[in-house]
Each structure stands twice: as C-alpha cells, then as structure tokens.
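Engineer: Sharing a structure with you now.
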Amino acid sequence: MQNVAYTRFPRIALAIIIFILIAITGRDHPARAANYTFQKIADGFSYPLAVATAPGDSQRIFVAQLFGKIRIVRGGVILPEPFLDVTALVSTKVYGQGLYDLAFDPDYVRNGFVYVDYVNQAGDPVLARYTRSALNPDMADPASAKILLTIPHPHGFHYGGQLAFGPDGYLYYSTGDGGSPLDSDDSAQNINSLLGALLRIDVSQAGTNGSPYRIPPDNPYVSTPSARPELWAKGLRNPWRFSFDQVTGDLYLTDVGEDVYEEIDFQPAGDKGGENYGWNRYEGTNAIMGGSKDGLTFPVVEYTHRDKNCAITGGYVYRGTAMPELTGSYIFGDYCTGIVWRTRLQGGQWTTVQMAQTGLTITAFGQDSTGEIYAVDFKTSSLYKLVASN
C-alpha cells in the first residue's frame, strides 16, 4: 500500500479530499474513548504535520504546516504571524511533499537555532537551519537560512521526515527509501545511500572540506570506505516519526509498512548504531524479498492493516505528571483508524494496549518539556492534548 499518512496530494486535490472527510465525520469529533481524551487545544491550522516545543519554553507550542508555515500557539490561540514561512521554497506538487518537521537546538535559548526539513522545488529533501529574530522572539529570521544537507530524491515519494536531537547532542534525521515499488532501487539496503535511513550528524560545528556539519567520530560507518558516514541505521521504508525517551534516552522509531505490517523499532540508550531494520527484505517480520535474517534487527512491536489500519504515527514515551499510570509507556497511533495504543517493556515482553479510539487522522504527536503529549489532526487541522477523561 502507498503511505497515505505521509504523502501529500497537490493543493486542490488535497483540499477537496479533506473537505469530504470533514463533511462525513463532522469537524468537532469528540476524540474520546476509554479513560483518555484528546482535548482540543487550538484549531484553524492548514494541514498540520508536526508539533514541537522549544527548550525552556512552557508558554508556546510550535506547529508545522504542510505548505511551509510554522505557527505558534500561546494560551490556546494561534498567533497571527507565522514563526517561519518557507512556502516559496517548499514543493507540494506531488503527493508526498511539503514541510515535514522542526527541531530546536538544545542550546536554543542562547543561539536561537531551529532546524527544519522540507521538500524543495526540485523534489529533493532539504535540511536547513534558521536563527531566531533578534527583534522578535516569536519569529525566525528568514534571511538567516543555511542549507545543511540536500539529498537527491528519485521518485517524489517516501521522504521520511523526522528531526530530533538525541541525548548525545547530535541531530538525528530520518529519510524514506525514495518510493520505488518495494524499493526496487534497493536504496534502503545500500550503505552508500542516505535514503531509507536514520542519519546522525553534529551540527554544533562545521566539518571538513566546507561541510556545514561534522560527522560524529563514533558513527557506525565512519571507517567503512563504501558507506556514507552520516548513517546511523539502515533498512527503513518510510520512518515518518521517531523520538527519544526524555528520561532514559531510549530511541523509538516507527516505520510505515507496505501492504500488511506497521512496526516499532527500538534502540536502548547507549546503543552503538549500525542496525539494519530489514526493509525491503522484510516488512516487519514478514518476508518481502526474503533472504537471510543474519544481521537484521526486527521490530519489538508490529500490527497489521486489519480493521482498516494503514500507517503508523510514532509518538513519545509519557513522562508527564497528570497521568502517572502512563509513565514509561510509549504512545503511538494509526493515521487511518485514529486508534491510539500504549506499549512498554515489562518482564522481558512488550505489552501493548489500546487506550483510545479517537476518530482523528493523527499526522504527528508532540511532547512538551514536562512530558505531556499532544497530537495534530490532519482532517480538522487542530491541535489536541492527551488528558484523562475522568
């Protein structure tokens, strides 16, 4: 199956489809099930795709929108001027393109750096850095743009798109396999390609030969002549979202499947990298091209497309205080059904429990500095917060 959640229609077609979905389901779906509710915080976005907060900032939530604007929510109100507008740089011509994510530098309070990734007008994914305006802290300076990385992309599909700083201070960036059917280009298994991968780079200082970033010296492929040194992990189809546990530093990475399986991959804190998650030889634990399982790392959790599930949206480990029973649970959902689950490792086994049937089309989760969890709904263009319903 094609990745419905993380690929985009041209502007007009997309608007028509969203209008039909809203007409069918109603704009103010209660998003309520079991003991938990996704409570609406703000609406009026334009196809939101990512949620972020800045270090040390408990007042603002930043929401990235498909067509190129990053909006700020303060006190439940969307500020009238965008934090950043890169609409002129972003392509949405092909289903699968847009502005995907943003990540604030760990030293943002001092340096004002924010990183974004988007698809440029040539159809290639771009990683860029902007700097907070010296005159207005609610805006980034558009003239401060610095392109760190542009990756040639073959098919206009499967871009991945998450950005996150790890506990090691390095920037991690997920990329899709390029979108060829069943990855017939073999990008995900090719260590000379930046596609179908999780990258890890040091953006705190420039590298050699004019590079705007440095390669961490302990990256797993640094000493492999035929490999790209930016690589941290390979064998991924379309890793739309991943996150680090605020407390333990463990990495949870979700990969959107092809026909049957959605998966959660896990790296414990202190992992040395170099994992091969198996695509396109395996989709989850299911053989596609097949072959030896030697050297492959398989998911800790997977689910099928039964009951109209279609594409996993990775979330976060809950570290808030409002719902202590969720502490340590990784929360994730499915784009098509709106089902939200929690999972955690207990007694050597991963235990997964459905916690809500939201009715939302969740394109991304977010987490604030206190560990509370948010989500954005593509269908109603709204921002929600996870709360207890009783």
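Note on naming: chains are A, B, ... as they come in the structure tokens, residues start from 1 per chain, ligands start from 1 in the order shown.
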Taking the backbone alone, and naming residues the way the document does, which bits of range 169-345 of chain A are strand (DSSP E or B) by DSSP, as a ChimeraX atom specification?
Structural biologist: /A:171-175,197-202,214,231-234,241-244,251-255,261-267,275-276,282-283,286-287,301-304,312-317,330-334,339-345
Engineer: Excluding Asn35 in chain A and its own-chain neighbours fewer than 6 positions away, which residues fall within 10 Å of it when counting only C-alpha atoms? Please give them as a PDB file with C-alpha atoms, in the first residue's frame.
Structural biologist:
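Listing of out.pdb after writing:
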```pdb
ATOM      1  CA  MET A 355      -6.068   3.223  25.009  1.00  0.00           C
ATOM      2  CA  ALA A 356      -8.288   5.329  22.741  1.00  0.00           C
ATOM      3  CA  VAL A 387      -5.705  14.083  29.076  1.00  0.00           C
ATOM      4  CA  ALA A 388      -7.549  11.724  31.407  1.00  0.00           C
ATOM      5  CA  SER A 389     -11.282  11.687  30.669  1.00  0.00           C
ATOM      6  CA  ASN A 390     -12.485  11.215  34.246  1.00  0.00           C
TER       7      ASN A 390
END
```
Engineer: For Trp279 in chain A, which residue out of A:Thr380, A:Gln246, A:Asn190, A:Ser144 is the nearest one, using only C-alpha atoms?
Structural biologist: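 Nearest candidate to Trp279 in chain A out of A:Thr380, A:Gln246, A:Asn190, A:Ser144: A:Asn190.
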Engineer: When distances are computed from only C-alpha atoms, which of A:Pro181, A:Gly320, A:Gly44, A:Pro55 shows the smallest separation from Leu79 in chain A?
Structural biologist: A:Gly44
Engineer: To one decimal place in Å, what is the distance between CA of Arg129 in chain A and CA of Phe113 in chain A?
Structural biologist: 6.6 Å
Engineer: Grab the CA of Gly270 in chain A to CA of Gln162 in chain A distance for me, in Å with one decimal place.
Structural biologist: 20.5 Å
Engineer: So, with only C-alpha atoms as the atoms that count, which of A:Gln39, A:Asn309, A:Ser226, A:Thr321 lies closest to Thr370 in chain A?
Structural biologist: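 Looking at the shortest contact to Thr370 in chain A, the residue is A:Thr321.
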Engineer: I want to know what sits within 10 Å of Asp307 in chain A, based on only C-alpha atoms, with residues of the same chain fewer than 2 positions away left out; could you give that as a list in words?
Structural biologist: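 Here the qualifying residues turn out to be Thr304, His305, Asn309, Cys310, Cys336 and Thr337 of chain A.
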Engineer: How would the residues just picked look written out with N, CA and C atoms as a PDB file, in the first residue's frame?
Structural biologist:
```
ATOM      1  N   THR A 304      -1.022  -5.173  12.088  1.00  0.00           N
ATOM      2  CA  THR A 304      -1.393  -5.354  10.688  1.00  0.00           C
ATOM      3  C   THR A 304      -2.412  -4.313  10.244  1.00  0.00           C
ATOM      4  N   HIS A 305      -2.737  -4.364   8.963  1.00  0.00           N
ATOM      5  CA  HIS A 305      -3.727  -3.456   8.389  1.00  0.00           C
ATOM      6  C   HIS A 305      -5.155  -3.976   8.543  1.00  0.00           C
ATOM      7  N   ASN A 309      -6.610  -0.340   9.613  1.00  0.00           N
ATOM      8  CA  ASN A 309      -5.367   0.355   9.915  1.00  0.00           C
ATOM      9  C   ASN A 309      -4.562   0.511   8.635  1.00  0.00           C
ATOM     10  N   CYS A 310      -3.703   1.549   8.575  1.00  0.00           N
ATOM     11  CA  CYS A 310      -2.963   1.730   7.322  1.00  0.00           C
ATOM     12  C   CYS A 310      -1.561   2.277   7.499  1.00  0.00           C
ATOM     13  N   CYS A 336      -5.082   6.108   9.776  1.00  0.00           N
ATOM     14  CA  CYS A 336      -6.384   5.878   9.143  1.00  0.00           C
ATOM     15  C   CYS A 336      -7.501   5.621  10.145  1.00  0.00           C
ATOM     16  N   THR A 337      -7.228   4.823  11.171  1.00  0.00           N
ATOM     17  CA  THR A 337      -8.301   4.470  12.108  1.00  0.00           C
ATOM     18  C   THR A 337      -8.392   5.419  13.291  1.00  0.00           C
TER      19      THR A 337
END
```
Engineer: Going by DSSP on the backbone, which residues of range 294-341 of chain A come out as helix (DSSP H, G or I)? List them as a PDB file with C-alpha atoms, in the first residue's frame.
Structural biologist:
```
ATOM      1  CA  ARG A 306      -6.652  -5.477   9.651  1.00  0.00           C
ATOM      2  CA  ASP A 307      -9.679  -3.375  10.681  1.00  0.00           C
ATOM      3  CA  LYS A 308      -8.649  -0.590   8.266  1.00  0.00           C
ATOM      4  CA  PRO A 324       1.115   8.756  36.364  1.00  0.00           C
ATOM      5  CA  GLU A 325      -0.280   5.358  35.323  1.00  0.00           C
ATOM      6  CA  LEU A 326       1.076   6.058  31.818  1.00  0.00           C
TER       7      LEU A 326
END
```
Engineer: Please build the interface table for range 329-390 of chain A against range 97-108 of chain A with a cut-off of 12 Å, listing for each qualifying residue the nearest atom pair and the distance in Å to one decimal; count only C-alpha atoms, order rows by chain and increasing number, and write it as a tab-separated table.
Structural biologist:
```
residue	atom	partner	partner_atom	distance
A:Thr363	CA	A:Tyr100	CA	10.1
A:Ala364	CA	A:Asp101	CA	9.5
A:Phe365	CA	A:Asp101	CA	11.3
A:Gly366	CA	A:Asp101	CA	10.9
A:Gln367	CA	A:Ala103	CA	11.9
A:Ser369	CA	A:Pro106	CA	12.0
```
Engineer: Take the residues that were just selected and, keeping N, CA and C atoms, output them as a compact mmCIF listing (two decimals), in the first residue's frame.
Structural biologist:
```txt
# COMPACT_ATOMS: atom_id res chain seq x y z
N THR A 363 -1.33 12.96 12.26
CA THR A 363 -0.11 13.00 11.45
C THR A 363 1.14 13.09 12.31
N ALA A 364 1.00 13.57 13.55
CA ALA A 364 2.16 13.65 14.42
C ALA A 364 1.72 13.80 15.87
N PHE A 365 2.56 13.30 16.75
CA PHE A 365 2.45 13.58 18.18
C PHE A 365 3.54 14.59 18.53
N GLY A 366 3.37 15.23 19.68
CA GLY A 366 4.38 16.14 20.19
C GLY A 366 4.49 15.96 21.69
N GLN A 367 5.53 16.52 22.27
CA GLN A 367 5.74 16.40 23.70
C GLN A 367 6.36 17.69 24.22
N SER A 369 8.10 20.09 27.50
CA SER A 369 9.23 19.87 28.38
C SER A 369 8.86 19.14 29.66
```
Engineer: Hey, could you make a per-residue contact list for range 236-341 of chain A against range 192-195 of chain A with 12 Å as the cut-off, showing the nearest pair of atoms and its distance in Å to one decimal, counting only C-alpha atoms, sorted by chain and number, as a Markdown table?
Structural biologist:
```
| residue | atom | partner | partner_atom | distance |
| --- | --- | --- | --- | --- |
| A:Leu236 | CA | A:Leu195 | CA | 8.3 |
| A:Arg237 | CA | A:Leu195 | CA | 8.8 |
| A:Asn238 | CA | A:Leu195 | CA | 9.3 |
| A:Pro239 | CA | A:Leu195 | CA | 10.5 |
| A:Trp279 | CA | A:Leu195 | CA | 11.7 |
```
Engineer: Considering only C-alpha atoms, can you say which of A:Met289, A:Leu251, A:Met139, A:Leu171 comes closest to Asp183 in chain A?
Structural biologist: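 With only C-alpha atoms as the atom set, the closest residue is A:Met289.
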Engineer: Restricting the calculation to only C-alpha atoms, which member of A:Tyr118, A:Trp240, A:Tyr173, A:Phe298 is positioned closest to Val256 in chain A?
Structural biologist: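 Closest to Val256 in chain A, using only C-alpha atoms: A:Trp240.
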Engineer: Please measure the separation of CA of Val126 in chain A and CA of Arg60 in chain A, giving the value in Å to one decimal.
Structural biologist: 25.6 Å
Engineer: Find the residues near range 197-205 of chain A: any atom within 8 Å, counting only C-alpha atoms, skip ones fewer than 6 places away on the same chain, and give them as JSON, numbers by chain.
Structural biologist: {"A": [169, 170, 171, 172, 173, 174, 175, 176, 177, 188, 212, 213, 214, 215, 216, 219, 230, 231, 232, 233, 234, 235, 236, 239]}
Engineer: Go ahead and write the residues just picked, C-alpha atoms, as an mmCIF file, in the first residue's frame.
Structural biologist:
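Output file part10.cif follows:
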```cif
data_model
loop_
_atom_site.group_PDB
_atom_site.id
_atom_site.type_symbol
_atom_site.label_atom_id
_atom_site.label_comp_id
_atom_site.auth_asym_id
_atom_site.auth_seq_id
_atom_site.Cartn_x
_atom_site.Cartn_y
_atom_site.Cartn_z
ATOM 1 C CA GLY A 169 23.532 16.358 21.473
ATOM 2 C CA TYR A 170 23.634 15.126 17.877
ATOM 3 C CA LEU A 171 20.871 15.744 15.338
ATOM 4 C CA TYR A 172 19.057 12.649 14.035
ATOM 5 C CA TYR A 173 17.165 12.792 10.722
ATOM 6 C CA SER A 174 15.006 10.036 9.214
ATOM 7 C CA THR A 175 14.762 9.513 5.448
ATOM 8 C CA GLY A 176 12.458 7.350 3.334
ATOM 9 C CA ASP A 177 13.597 4.851 0.734
ATOM 10 C CA ALA A 188 17.290 1.029 1.995
ATOM 11 C CA PRO A 212 28.225 22.691 7.345
ATOM 12 C CA TYR A 213 28.199 19.807 9.824
ATOM 13 C CA ARG A 214 30.630 17.330 11.341
ATOM 14 C CA ILE A 215 30.411 13.534 11.335
ATOM 15 C CA PRO A 216 30.354 12.146 14.893
ATOM 16 C CA ASN A 219 29.106 6.840 13.819
ATOM 17 C CA GLU A 230 26.208 10.162 8.213
ATOM 18 C CA LEU A 231 24.392 6.845 8.536
ATOM 19 C CA TRP A 232 23.227 5.650 11.944
ATOM 20 C CA ALA A 233 20.809 2.902 10.809
ATOM 21 C CA LYS A 234 19.514 1.441 7.540
ATOM 22 C CA GLY A 235 16.799 -0.865 6.211
ATOM 23 C CA LEU A 236 13.874 1.543 6.626
ATOM 24 C CA PRO A 239 10.350 6.257 9.037
#
```
Engineer: Which is closest to Val94 in chain A among A:Phe266, A:Tyr282, A:Tyr159, A:Tyr374, if we use only C-alpha atoms?
Structural biologist: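 Counting only C-alpha atoms, the residue closest to Val94 in chain A is A:Tyr159.
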Engineer: Report as a ChimeraX atom specification all protein, DNA and RNA residues lying within 9 Å of Glu283 in chain A, evaluated on only C-alpha atoms, omitting residues in the same chain fewer than 4 positions from it.
Structural biologist: /A:237,257-263,278-279,287-288
